[in-house]
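A.B. asks: Just one file: my_file.cif, with mmCIF, C-alpha atoms.
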```
data_my_file
loop_
_atom_site.label_atom_id
_atom_site.label_comp_id
_atom_site.auth_asym_id
_atom_site.auth_seq_id
_atom_site.Cartn_x
_atom_site.Cartn_y
_atom_site.Cartn_z
CA MET A 26 -46.46 -300.47 10.53
CA LYS A 27 -48.19 -299.74 7.24
CA SER A 28 -47.86 -296.21 5.88
CA LEU A 29 -50.89 -294.10 5.05
CA ASP A 30 -50.23 -294.58 1.33
CA GLU A 31 -50.13 -298.37 1.76
CA LEU A 32 -53.40 -298.33 3.71
CA THR A 33 -55.00 -296.14 1.06
CA LYS A 34 -54.01 -298.63 -1.64
CA ILE A 35 -55.34 -301.53 0.42
CA ARG A 36 -58.60 -299.65 0.90
CA ALA A 37 -58.97 -298.94 -2.79
CA ALA A 38 -58.24 -302.54 -3.73
CA ALA A 39 -60.62 -303.86 -1.09
CA LEU A 40 -63.47 -301.62 -2.19
CA ASP A 41 -63.06 -302.86 -5.75
CA GLN A 42 -63.46 -306.48 -4.68
CA SER A 43 -66.75 -308.27 -4.35
CA ARG A 44 -67.40 -310.40 -1.30
CA ASP A 45 -65.48 -313.68 -1.38
CA ASP A 46 -67.71 -316.27 0.30
CA LYS A 47 -64.64 -318.39 1.05
CA LYS A 48 -63.19 -315.68 3.25
CA ILE A 49 -64.13 -314.04 6.53
CA LEU A 50 -65.04 -310.44 5.75
CA VAL A 51 -63.90 -307.67 8.11
CA ARG A 52 -65.28 -304.18 7.57
CA ILE A 53 -63.73 -301.28 9.46
CA GLY A 54 -65.00 -297.70 9.57
CA MET A 55 -62.35 -295.27 8.34
CA ALA A 56 -64.29 -292.02 8.43
CA THR A 57 -62.65 -289.08 10.21
CA CYS A 58 -64.16 -290.01 13.57
CA GLY A 59 -62.89 -293.58 13.24
CA ILE A 60 -59.36 -292.52 12.32
CA THR A 61 -59.31 -290.01 15.19
CA ALA A 62 -60.40 -292.75 17.60
CA GLY A 63 -57.60 -295.07 16.46
CA ALA A 64 -59.01 -297.05 13.53
CA ARG A 65 -55.78 -296.76 11.57
CA GLN A 66 -53.73 -298.29 14.40
CA THR A 67 -56.34 -301.02 14.84
CA LEU A 68 -56.32 -301.89 11.15
CA THR A 69 -52.52 -301.82 11.01
CA ARG A 70 -52.27 -304.23 13.94
CA LEU A 71 -54.77 -306.61 12.32
CA LEU A 72 -52.84 -306.53 9.03
CA ASP A 73 -49.58 -307.18 10.87
CA LEU A 74 -51.08 -310.18 12.69
CA MET A 75 -52.37 -311.58 9.40
CA ALA A 76 -48.95 -311.10 7.80
CA GLN A 77 -47.01 -312.81 10.58
CA ASP A 78 -49.28 -315.87 10.40
CA ARG A 79 -49.51 -315.74 6.58
CA ILE A 80 -53.27 -315.55 6.78
CA ASN A 81 -55.13 -315.38 3.47
CA HIS A 82 -58.67 -316.32 4.49
CA ILE A 83 -59.58 -312.83 5.78
CA GLN A 84 -60.81 -310.10 3.45
CA ILE A 85 -60.46 -306.53 4.73
CA VAL A 86 -62.86 -303.84 3.51
CA GLN A 87 -62.53 -300.24 4.67
CA THR A 88 -65.78 -298.27 4.69
CA SER A 89 -66.75 -294.73 5.54
CA CYS A 90 -69.02 -293.90 8.49
CA MET A 91 -70.22 -296.88 10.51
CA GLY A 92 -72.97 -294.89 12.20
CA ASP A 93 -71.86 -293.97 15.73
CA CYS A 94 -68.77 -291.85 16.41
CA ASP A 95 -68.95 -292.55 20.15
CA LYS A 96 -68.37 -296.25 19.46
CA GLU A 97 -65.45 -295.95 17.04
CA PRO A 98 -63.39 -297.77 16.01
CA ILE A 99 -66.11 -300.16 14.81
CA LEU A 100 -65.56 -303.50 13.08
CA GLU A 101 -68.12 -305.75 11.44
CA VAL A 102 -67.17 -309.39 10.89
CA VAL A 103 -69.07 -311.51 8.38
CA ASP A 104 -68.27 -315.17 8.99
CA LEU A 105 -68.22 -318.00 6.44
CA ASN A 106 -71.94 -318.62 7.00
CA GLY A 107 -72.87 -314.99 6.27
CA LYS A 108 -73.53 -314.04 9.91
CA THR A 109 -72.55 -310.45 10.72
CA THR A 110 -71.21 -309.52 14.16
CA ARG A 111 -70.52 -305.92 15.15
CA TYR A 112 -67.63 -305.01 17.48
CA GLU A 113 -67.41 -301.51 18.96
CA GLN A 114 -64.50 -299.46 20.39
CA VAL A 115 -61.97 -301.92 19.02
CA GLY A 116 -58.46 -300.82 19.94
CA ILE A 117 -55.20 -302.77 19.73
CA GLN A 118 -55.97 -305.07 22.66
CA GLU A 119 -59.49 -305.79 21.42
CA VAL A 120 -58.38 -306.57 17.86
CA GLU A 121 -55.69 -308.90 19.27
CA ARG A 122 -58.36 -310.86 21.15
CA LEU A 123 -60.72 -310.82 18.17
CA TYR A 124 -57.98 -312.11 15.88
CA TYR A 125 -56.95 -315.02 18.12
CA ASP A 126 -60.48 -315.90 19.29
CA VAL A 127 -62.43 -315.54 16.04
CA LEU A 128 -60.48 -314.68 12.92
CA ARG A 129 -57.28 -316.71 12.83
CA ILE A 130 -58.89 -320.10 12.15
CA PRO A 131 -61.99 -319.88 9.91
CA GLY A 132 -65.08 -321.74 11.02
CA SER A 133 -63.77 -322.55 14.49
CA GLN A 134 -62.81 -321.01 17.79
CA PRO A 135 -59.05 -321.50 18.27
CA ASP A 136 -57.83 -322.25 21.77
CA ALA A 137 -56.12 -318.91 22.36
CA LYS A 138 -54.51 -318.55 25.76
CA LYS A 139 -55.86 -316.09 28.29
CA THR A 140 -52.59 -314.26 28.77
CA LYS A 141 -52.21 -312.61 32.18
CA THR A 142 -49.99 -309.56 32.45
CA VAL A 143 -48.35 -308.43 35.69
CA SER A 144 -45.95 -305.57 36.40
CA LEU A 145 -43.59 -305.30 39.36
CA GLU A 146 -42.91 -301.81 40.68
CA GLY A 147 -40.78 -300.38 43.45
CA GLY A 148 -37.95 -298.08 44.38
CA GLU A 149 -34.28 -298.79 43.79
CA GLY A 150 -33.15 -302.00 45.49
CA SER A 151 -36.64 -303.37 46.06
CA GLY A 152 -35.66 -306.70 44.50
CA LYS A 153 -37.72 -306.74 41.31
CA THR A 154 -35.12 -308.37 39.08
CA THR A 155 -34.30 -311.17 41.53
CA LEU A 156 -37.96 -311.83 42.17
CA LEU A 157 -38.85 -311.94 38.47
CA ALA A 158 -36.23 -314.63 37.83
CA MET A 159 -37.61 -316.71 40.70
CA LEU A 160 -41.19 -316.31 39.44
CA GLN A 161 -40.25 -317.29 35.90
CA ASP A 162 -38.50 -320.40 37.17
CA TYR A 163 -41.42 -321.37 39.40
CA PHE A 164 -44.22 -320.88 36.87
CA THR A 165 -42.25 -322.46 34.04
CA LYS A 166 -41.84 -325.58 36.17
CA THR A 167 -45.62 -325.67 36.69
CA GLY A 168 -46.02 -325.90 32.90
CA LEU A 169 -46.88 -322.29 32.08
CA ASP A 170 -45.39 -320.36 29.16
CA VAL A 171 -43.87 -317.29 30.84
CA MET A 172 -42.08 -314.24 29.46
CA ILE A 173 -40.29 -311.61 31.55
CA THR A 174 -39.27 -308.26 30.16
CA ARG A 175 -37.90 -305.02 31.53
CA GLU A 176 -38.48 -301.31 31.07
CA PRO A 177 -37.00 -299.25 29.69
CA GLY A 178 -35.66 -301.84 27.27
CA GLY A 179 -36.76 -305.29 26.23
CA VAL A 180 -36.12 -304.75 22.49
CA ARG A 181 -33.23 -303.28 20.52
CA ILE A 182 -34.55 -299.74 20.01
CA ALA A 183 -35.86 -299.45 23.56
CA GLU A 184 -32.55 -300.71 24.95
CA LYS A 185 -30.74 -297.91 23.10
CA ILE A 186 -33.14 -295.41 24.63
CA ARG A 187 -32.44 -296.99 28.03
CA GLU A 188 -28.73 -296.32 27.58
CA ILE A 189 -29.45 -292.64 26.98
CA ILE A 190 -31.82 -292.32 29.95
CA LEU A 191 -29.66 -294.05 32.54
CA ASP A 192 -26.21 -292.86 31.47
CA ILE A 193 -24.65 -291.29 34.57
CA GLU A 194 -23.03 -288.60 32.40
CA HIS A 195 -26.40 -287.27 31.18
CA THR A 196 -26.96 -285.05 34.21
CA GLU A 197 -28.23 -282.17 32.05
CA MET A 198 -31.26 -284.11 30.81
CA ASP A 199 -34.48 -282.09 30.95
CA VAL A 200 -37.27 -283.72 32.97
CA ARG A 201 -39.75 -283.61 30.10
CA THR A 202 -37.14 -285.10 27.77
CA GLU A 203 -36.76 -287.90 30.29
CA ALA A 204 -40.52 -288.50 30.42
CA LEU A 205 -40.80 -288.53 26.62
CA LEU A 206 -37.90 -290.96 26.26
CA TYR A 207 -39.46 -293.37 28.75
CA ALA A 208 -42.78 -293.20 26.87
CA ALA A 209 -41.04 -293.77 23.52
CA ALA A 210 -39.15 -296.80 24.84
CA ARG A 211 -42.36 -298.14 26.35
CA ARG A 212 -44.24 -297.81 23.07
CA GLN A 213 -41.59 -299.67 21.08
CA HIS A 214 -41.32 -302.40 23.70
CA LEU A 215 -45.08 -302.86 23.94
CA THR A 216 -45.82 -303.07 20.23
CA GLN A 217 -42.77 -305.11 19.26
CA LYS A 218 -42.45 -307.54 22.15
CA VAL A 219 -45.56 -307.66 24.35
CA LEU A 220 -48.65 -307.35 22.16
CA PRO A 221 -47.58 -310.14 19.76
CA GLU A 222 -47.43 -312.52 22.76
CA LEU A 223 -50.98 -311.89 23.97
CA GLY A 224 -53.01 -315.01 23.25
CA ARG A 225 -49.83 -317.08 22.95
CA ARG A 226 -48.20 -316.92 26.39
CA ASP A 227 -49.81 -317.78 29.71
CA LEU A 228 -48.08 -315.03 31.68
CA VAL A 229 -46.09 -311.89 30.86
CA LEU A 230 -44.14 -310.28 33.72
CA PHE A 231 -42.94 -306.66 33.45
CA ASP A 232 -40.01 -305.18 35.33
CA ARG A 233 -41.69 -301.72 35.56
CA PHE A 234 -44.41 -300.18 33.41
CA VAL A 235 -46.47 -296.96 33.28
CA ASP A 236 -46.62 -296.50 37.06
CA SER A 237 -42.86 -295.94 37.22
CA SER A 238 -43.12 -292.94 34.90
CA VAL A 239 -46.11 -291.51 36.76
CA VAL A 240 -44.16 -291.73 40.03
CA TYR A 241 -40.61 -290.83 38.94
CA GLN A 242 -41.34 -288.15 36.33
CA GLY A 243 -44.87 -287.14 37.31
CA TYR A 244 -44.54 -286.93 41.10
CA VAL A 245 -40.85 -286.80 41.95
CA ARG A 246 -39.72 -284.64 39.01
CA GLY A 247 -42.80 -282.46 39.42
CA ILE A 248 -44.22 -282.65 35.89
CA GLY A 249 -47.59 -283.79 37.23
CA MET A 250 -48.90 -287.30 37.74
CA ASP A 251 -51.97 -286.75 35.56
CA GLU A 252 -49.89 -285.20 32.78
CA VAL A 253 -47.44 -288.12 32.67
CA TYR A 254 -50.26 -290.63 32.88
CA GLU A 255 -51.97 -289.04 29.85
CA LEU A 256 -48.68 -289.09 27.92
CA ASN A 257 -48.37 -292.79 28.58
CA ARG A 258 -52.00 -293.46 27.74
CA PHE A 259 -51.15 -292.10 24.29
CA ALA A 260 -47.99 -294.22 24.08
CA THR A 261 -49.66 -297.48 25.15
CA GLU A 262 -53.18 -296.85 23.79
CA ASP A 263 -54.52 -297.46 27.33
CA PHE A 264 -52.82 -300.83 27.80
CA LEU A 265 -52.32 -301.68 31.49
CA PRO A 266 -51.30 -304.98 33.14
CA ASP A 267 -53.97 -307.05 34.85
CA MET A 268 -52.14 -306.59 38.14
CA THR A 269 -49.36 -304.36 39.46
CA ILE A 270 -47.38 -305.46 42.51
CA TYR A 271 -45.59 -302.70 44.40
CA LEU A 272 -42.58 -303.93 46.38
CA ASP A 273 -42.28 -301.58 49.33
CA ILE A 274 -38.97 -300.98 51.09
CA ASP A 275 -37.43 -298.15 53.10
CA PRO A 276 -35.38 -296.11 50.60
CA ALA A 277 -32.25 -296.21 52.76
CA GLU A 278 -32.41 -300.01 52.95
CA GLY A 279 -33.02 -300.24 49.20
CA LEU A 280 -29.97 -298.14 48.37
CA LYS A 281 -27.91 -300.17 50.82
CA ARG A 282 -28.82 -303.25 48.78
CA VAL A 283 -27.93 -301.48 45.52
CA TYR A 284 -24.45 -300.50 46.64
CA GLY A 285 -23.89 -303.86 48.28
CA ASP A 286 -24.54 -305.73 45.01
CA SER A 287 -21.32 -305.66 43.00
CA GLY A 288 -23.04 -307.22 39.98
CA ARG A 289 -25.74 -304.56 39.63
CA GLU A 290 -25.34 -301.57 37.34
CA ILE A 291 -25.29 -298.19 39.06
CA ASN A 292 -27.40 -295.86 36.96
CA ARG A 293 -28.27 -292.17 36.96
CA LEU A 294 -31.30 -292.66 39.23
CA ASP A 295 -29.29 -294.52 41.86
CA LEU A 296 -27.12 -291.42 42.25
CA GLU A 297 -29.99 -289.09 43.10
CA ALA A 298 -30.11 -287.53 46.59
CA ALA A 299 -31.81 -289.38 49.45
CA GLU A 300 -34.81 -287.01 49.26
CA PHE A 301 -35.45 -288.19 45.69
CA HIS A 302 -35.89 -291.80 46.80
CA VAL A 303 -38.10 -290.80 49.73
CA LYS A 304 -40.40 -289.03 47.28
CA VAL A 305 -40.45 -292.13 45.06
CA ARG A 306 -41.94 -294.06 47.97
CA GLU A 307 -44.47 -291.28 48.57
CA GLY A 308 -45.48 -291.37 44.91
CA TYR A 309 -46.11 -295.10 44.94
CA ARG A 310 -48.22 -294.72 48.08
CA ILE A 311 -50.37 -292.19 46.21
CA MET A 312 -50.72 -294.60 43.27
CA LEU A 313 -51.75 -297.40 45.64
CA SER A 314 -54.49 -295.27 47.16
CA GLU A 315 -55.83 -294.21 43.75
CA HIS A 316 -55.55 -297.57 41.94
CA SER A 317 -56.32 -300.17 44.58
CA GLU A 318 -58.37 -302.14 42.04
CA ARG A 319 -55.20 -303.27 40.25
CA MET A 320 -52.29 -302.45 42.58
CA VAL A 321 -51.19 -304.58 45.53
CA GLU A 322 -48.47 -303.77 48.09
CA VAL A 323 -45.98 -306.38 49.29
CA ASP A 324 -43.43 -305.79 52.07
CA ALA A 325 -40.07 -306.18 50.29
CA SER A 326 -37.92 -305.53 53.36
CA ARG A 327 -38.15 -309.21 54.35
CA PRO A 328 -35.95 -312.07 53.09
CA VAL A 329 -36.47 -312.71 49.38
CA GLU A 330 -37.98 -316.16 50.05
CA ALA A 331 -40.82 -314.60 52.07
CA VAL A 332 -41.45 -311.94 49.44
CA PHE A 333 -41.45 -314.57 46.71
CA GLU A 334 -44.03 -316.65 48.59
CA ASP A 335 -46.44 -313.72 48.89
CA VAL A 336 -46.08 -312.69 45.23
CA LYS A 337 -46.32 -316.29 44.03
CA ASN A 338 -49.62 -316.69 45.90
CA LEU A 339 -50.98 -313.49 44.33
CA LEU A 340 -50.10 -314.73 40.85
CA ASP A 341 -51.41 -318.24 41.53
CA ASN A 342 -54.79 -316.69 42.34
CA LEU A 343 -54.65 -314.43 39.30
CA MET A 344 -53.94 -317.35 36.96
CA LYS A 345 -57.08 -319.13 38.24
CA GLN A 346 -59.30 -316.24 37.18
CA ASP A 347 -61.07 -316.24 33.82
#
```
Now, as a test, write the supplied structure out as structure tokens.
C.D. replies:
Amino acid sequence: MKSLDELTKIRAAALDQSRDDKKILVRIGMATCGITAGARQTLTRLLDLMAQDRINHIQIVQTSCMGDCDKEPILEVVDLNGKTTRYEQVGIQEVERLYYDVLRIPGSQPDAKKTKTVSLEGGEGSGKTTLLAMLQDYFTKTGLDVMITREPGGVRIAEKIREIILDIEHTEMDVRTEALLYAAARRQHLTQKVLPELGRRDLVLFDRFVDSSVVYQGYVRGIGMDEVYELNRFATEDFLPDMTIYLDIDPAEGLKRVYGDSGREINRLDLEAAEFHVKVREGYRIMLSEHSERMVEVDASRPVEAVFEDVKNLLDNLMKQD
């Protein structure tokens, strides 16, 4: 990520340049209201995308007020023919789409993929890891470009945070420390591994995402579901998967699976009392009732082949949507 000094130098250099008619011009409002609304993060992401693809046909100009604080961050794109298009409330996800759909190839609309993102949630022993491997195998064989990733973890820094969180010796960990560590790992994982794949992959599958923190730390640990959700909104800049599939299983049956699997790691959460895991199920039921527009429940107590068939059908339908 570019430092504030680096961005200031880029701004100064850009303001000194006249318009290059051979380049796409991108203006971004960097007044106080724009920076508060996330313009710096948006600009940094755009610069990072340009750097990774070695793009030199885009000219960035930072301006002051763009006229409407309620619609910040605001971008104006002037194409090679001089046509100006205004984009409002452009966060990280929006600038990703704009880059792949409009900016990356000048004078044309590149065939960026409509990446679908899906998270799998559930209590301990619900079968997420096994199911994700089966889904990746199935969809890869159908010709789709699929990536699976887990939380906490997925990238080097987040994996180190995972070790701290799940270490069975860390019984003294404060509940807010736990929530903050999960959010930090999620942020690193999202920006380093997931966001760069949007527009490139067909499907990204998450082994847990924000809902896990809202349930485990917000509901079960008692911090507050709304409080943990807001913390994670900050960490992810409001990124959520297109669909979340909750794998429901009786906690006692789930733990029986955990302890019956000699190849599975036993972590600090597995060792919690039975009441803890009952409350996890309660928390997910609350999330289902409040977020039915994106969350779907699947009975995970059945044989894995039956669960796979139901989830596969859900994802098949999702992939057909525009």
A.B. asks: Considering all atoms listed in the file, state which residue in the set A:Gly147, A:Met344, A:Leu228, A:His195 is at the smallest distance from Arg310 (chain A).
C.D. replies: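 Between A:Gly147, A:Met344, A:Leu228, A:His195, the residue approaching Arg310 (chain A) most closely is A:Gly147.
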A.B. asks: Quick one: which residues end up in the PyMOL selection byres ((chain A and resi 84-88) around 8) for this structure, as a short mmCIF file (atom, residue, chain, number, x, y, z; two decimals) with C-alpha atoms, in the frame of the given file?
C.D. replies:
```cif
data_model
loop_
_atom_site.label_atom_id
_atom_site.label_comp_id
_atom_site.auth_asym_id
_atom_site.auth_seq_id
_atom_site.Cartn_x
_atom_site.Cartn_y
_atom_site.Cartn_z
CA ARG A 36 -58.60 -299.65 0.90
CA ALA A 39 -60.62 -303.86 -1.09
CA LEU A 40 -63.47 -301.62 -2.19
CA ASP A 45 -65.48 -313.68 -1.38
CA LYS A 48 -63.19 -315.68 3.25
CA ILE A 49 -64.13 -314.04 6.53
CA LEU A 50 -65.04 -310.44 5.75
CA VAL A 51 -63.90 -307.67 8.11
CA ARG A 52 -65.28 -304.18 7.57
CA ILE A 53 -63.73 -301.28 9.46
CA GLY A 54 -65.00 -297.70 9.57
CA MET A 55 -62.35 -295.27 8.34
CA ALA A 56 -64.29 -292.02 8.43
CA ASN A 81 -55.13 -315.38 3.47
CA HIS A 82 -58.67 -316.32 4.49
CA ILE A 83 -59.58 -312.83 5.78
CA SER A 89 -66.75 -294.73 5.54
CA CYS A 90 -69.02 -293.90 8.49
CA MET A 91 -70.22 -296.88 10.51
#
```
A.B. asks: Given the file shown, enumerate the residues that the PyMOL selection byres ((chain A and resi 269) around 8) captures and present them as a CSV table (one decimal) with C-alpha atoms, in the coordinates of the input.
C.D. replies:
```
chain,number,residue,atom,x,y,z
A,143,VAL,CA,-48.4,-308.4,35.7
A,144,SER,CA,-46.0,-305.6,36.4
A,145,LEU,CA,-43.6,-305.3,39.4
A,146,GLU,CA,-42.9,-301.8,40.7
A,266,PRO,CA,-51.3,-305.0,33.1
A,267,ASP,CA,-54.0,-307.0,34.8
A,268,MET,CA,-52.1,-306.6,38.1
A,270,ILE,CA,-47.4,-305.5,42.5
A,271,TYR,CA,-45.6,-302.7,44.4
A,319,ARG,CA,-55.2,-303.3,40.2
A,320,MET,CA,-52.3,-302.4,42.6
A,321,VAL,CA,-51.2,-304.6,45.5
```
A.B. asks: Calculated over only C-alpha atoms, which of the candidates A:Glu119, A:Asp263, A:Asp227, A:Asp236 has the smallest distance to Lys345 (chain A)?
C.D. replies: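 Of A:Glu119, A:Asp263, A:Asp227, A:Asp236, the one nearest Lys345 (chain A) is A:Asp227, counting only C-alpha atoms.
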A.B. asks: Which is closest to Glu330 (chain A) among A:Tyr112, A:Asp273, A:Leu156, A:Val180, if we use only C-alpha atoms?
C.D. replies: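 Closest to Glu330 (chain A) of all the choices is A:Leu156.
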A.B. asks: Please provide the set of residues having any atom within 9 Å of Ala260 (chain A), restricted to only C-alpha atoms, with same-chain residues fewer than 6 positions apart removed, written as a ChimeraX atom specification.
C.D. replies: /A:208-209,211-213
A.B. asks: At what distance in Å, to one decimal, does CA of Met75 (chain A) lie from CA of Lys47 (chain A)?
C.D. replies: 16.3 Å
A.B. asks: If the PyMOL selection byres ((chain A and resi 67) around 8) were run on this exact file, what residues would it hold? Put them as a PyMOL selection string.
C.D. replies: chain A and resi 63-66+68-71+98+115-117+120
A.B. asks: Residues within 8 Å of (-41.9, -288.5, 29.4), file coordinates, counting only C-alpha atoms: what are they? Give the list as a list in words.
C.D. replies: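 Output: Val200, Arg201, Thr202, Glu203, Ala204, Leu205, Leu206, Tyr207, Ala208, Ala209, Ser238, Gln242, Val253, Leu256 and Asn257 of chain A.
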A.B. asks: Just give me the gap between CA of Leu223 (chain A) and CA of Thr140 (chain A) in Å, one decimal is fine.
C.D. replies: 5.6 Å
A.B. asks: Looking at A:Ala298, A:Val305, A:Ala325, A:Leu343, which one is nearest to Val245 (chain A), with distances taken over all atoms listed in the file?
C.D. replies: A:Val305
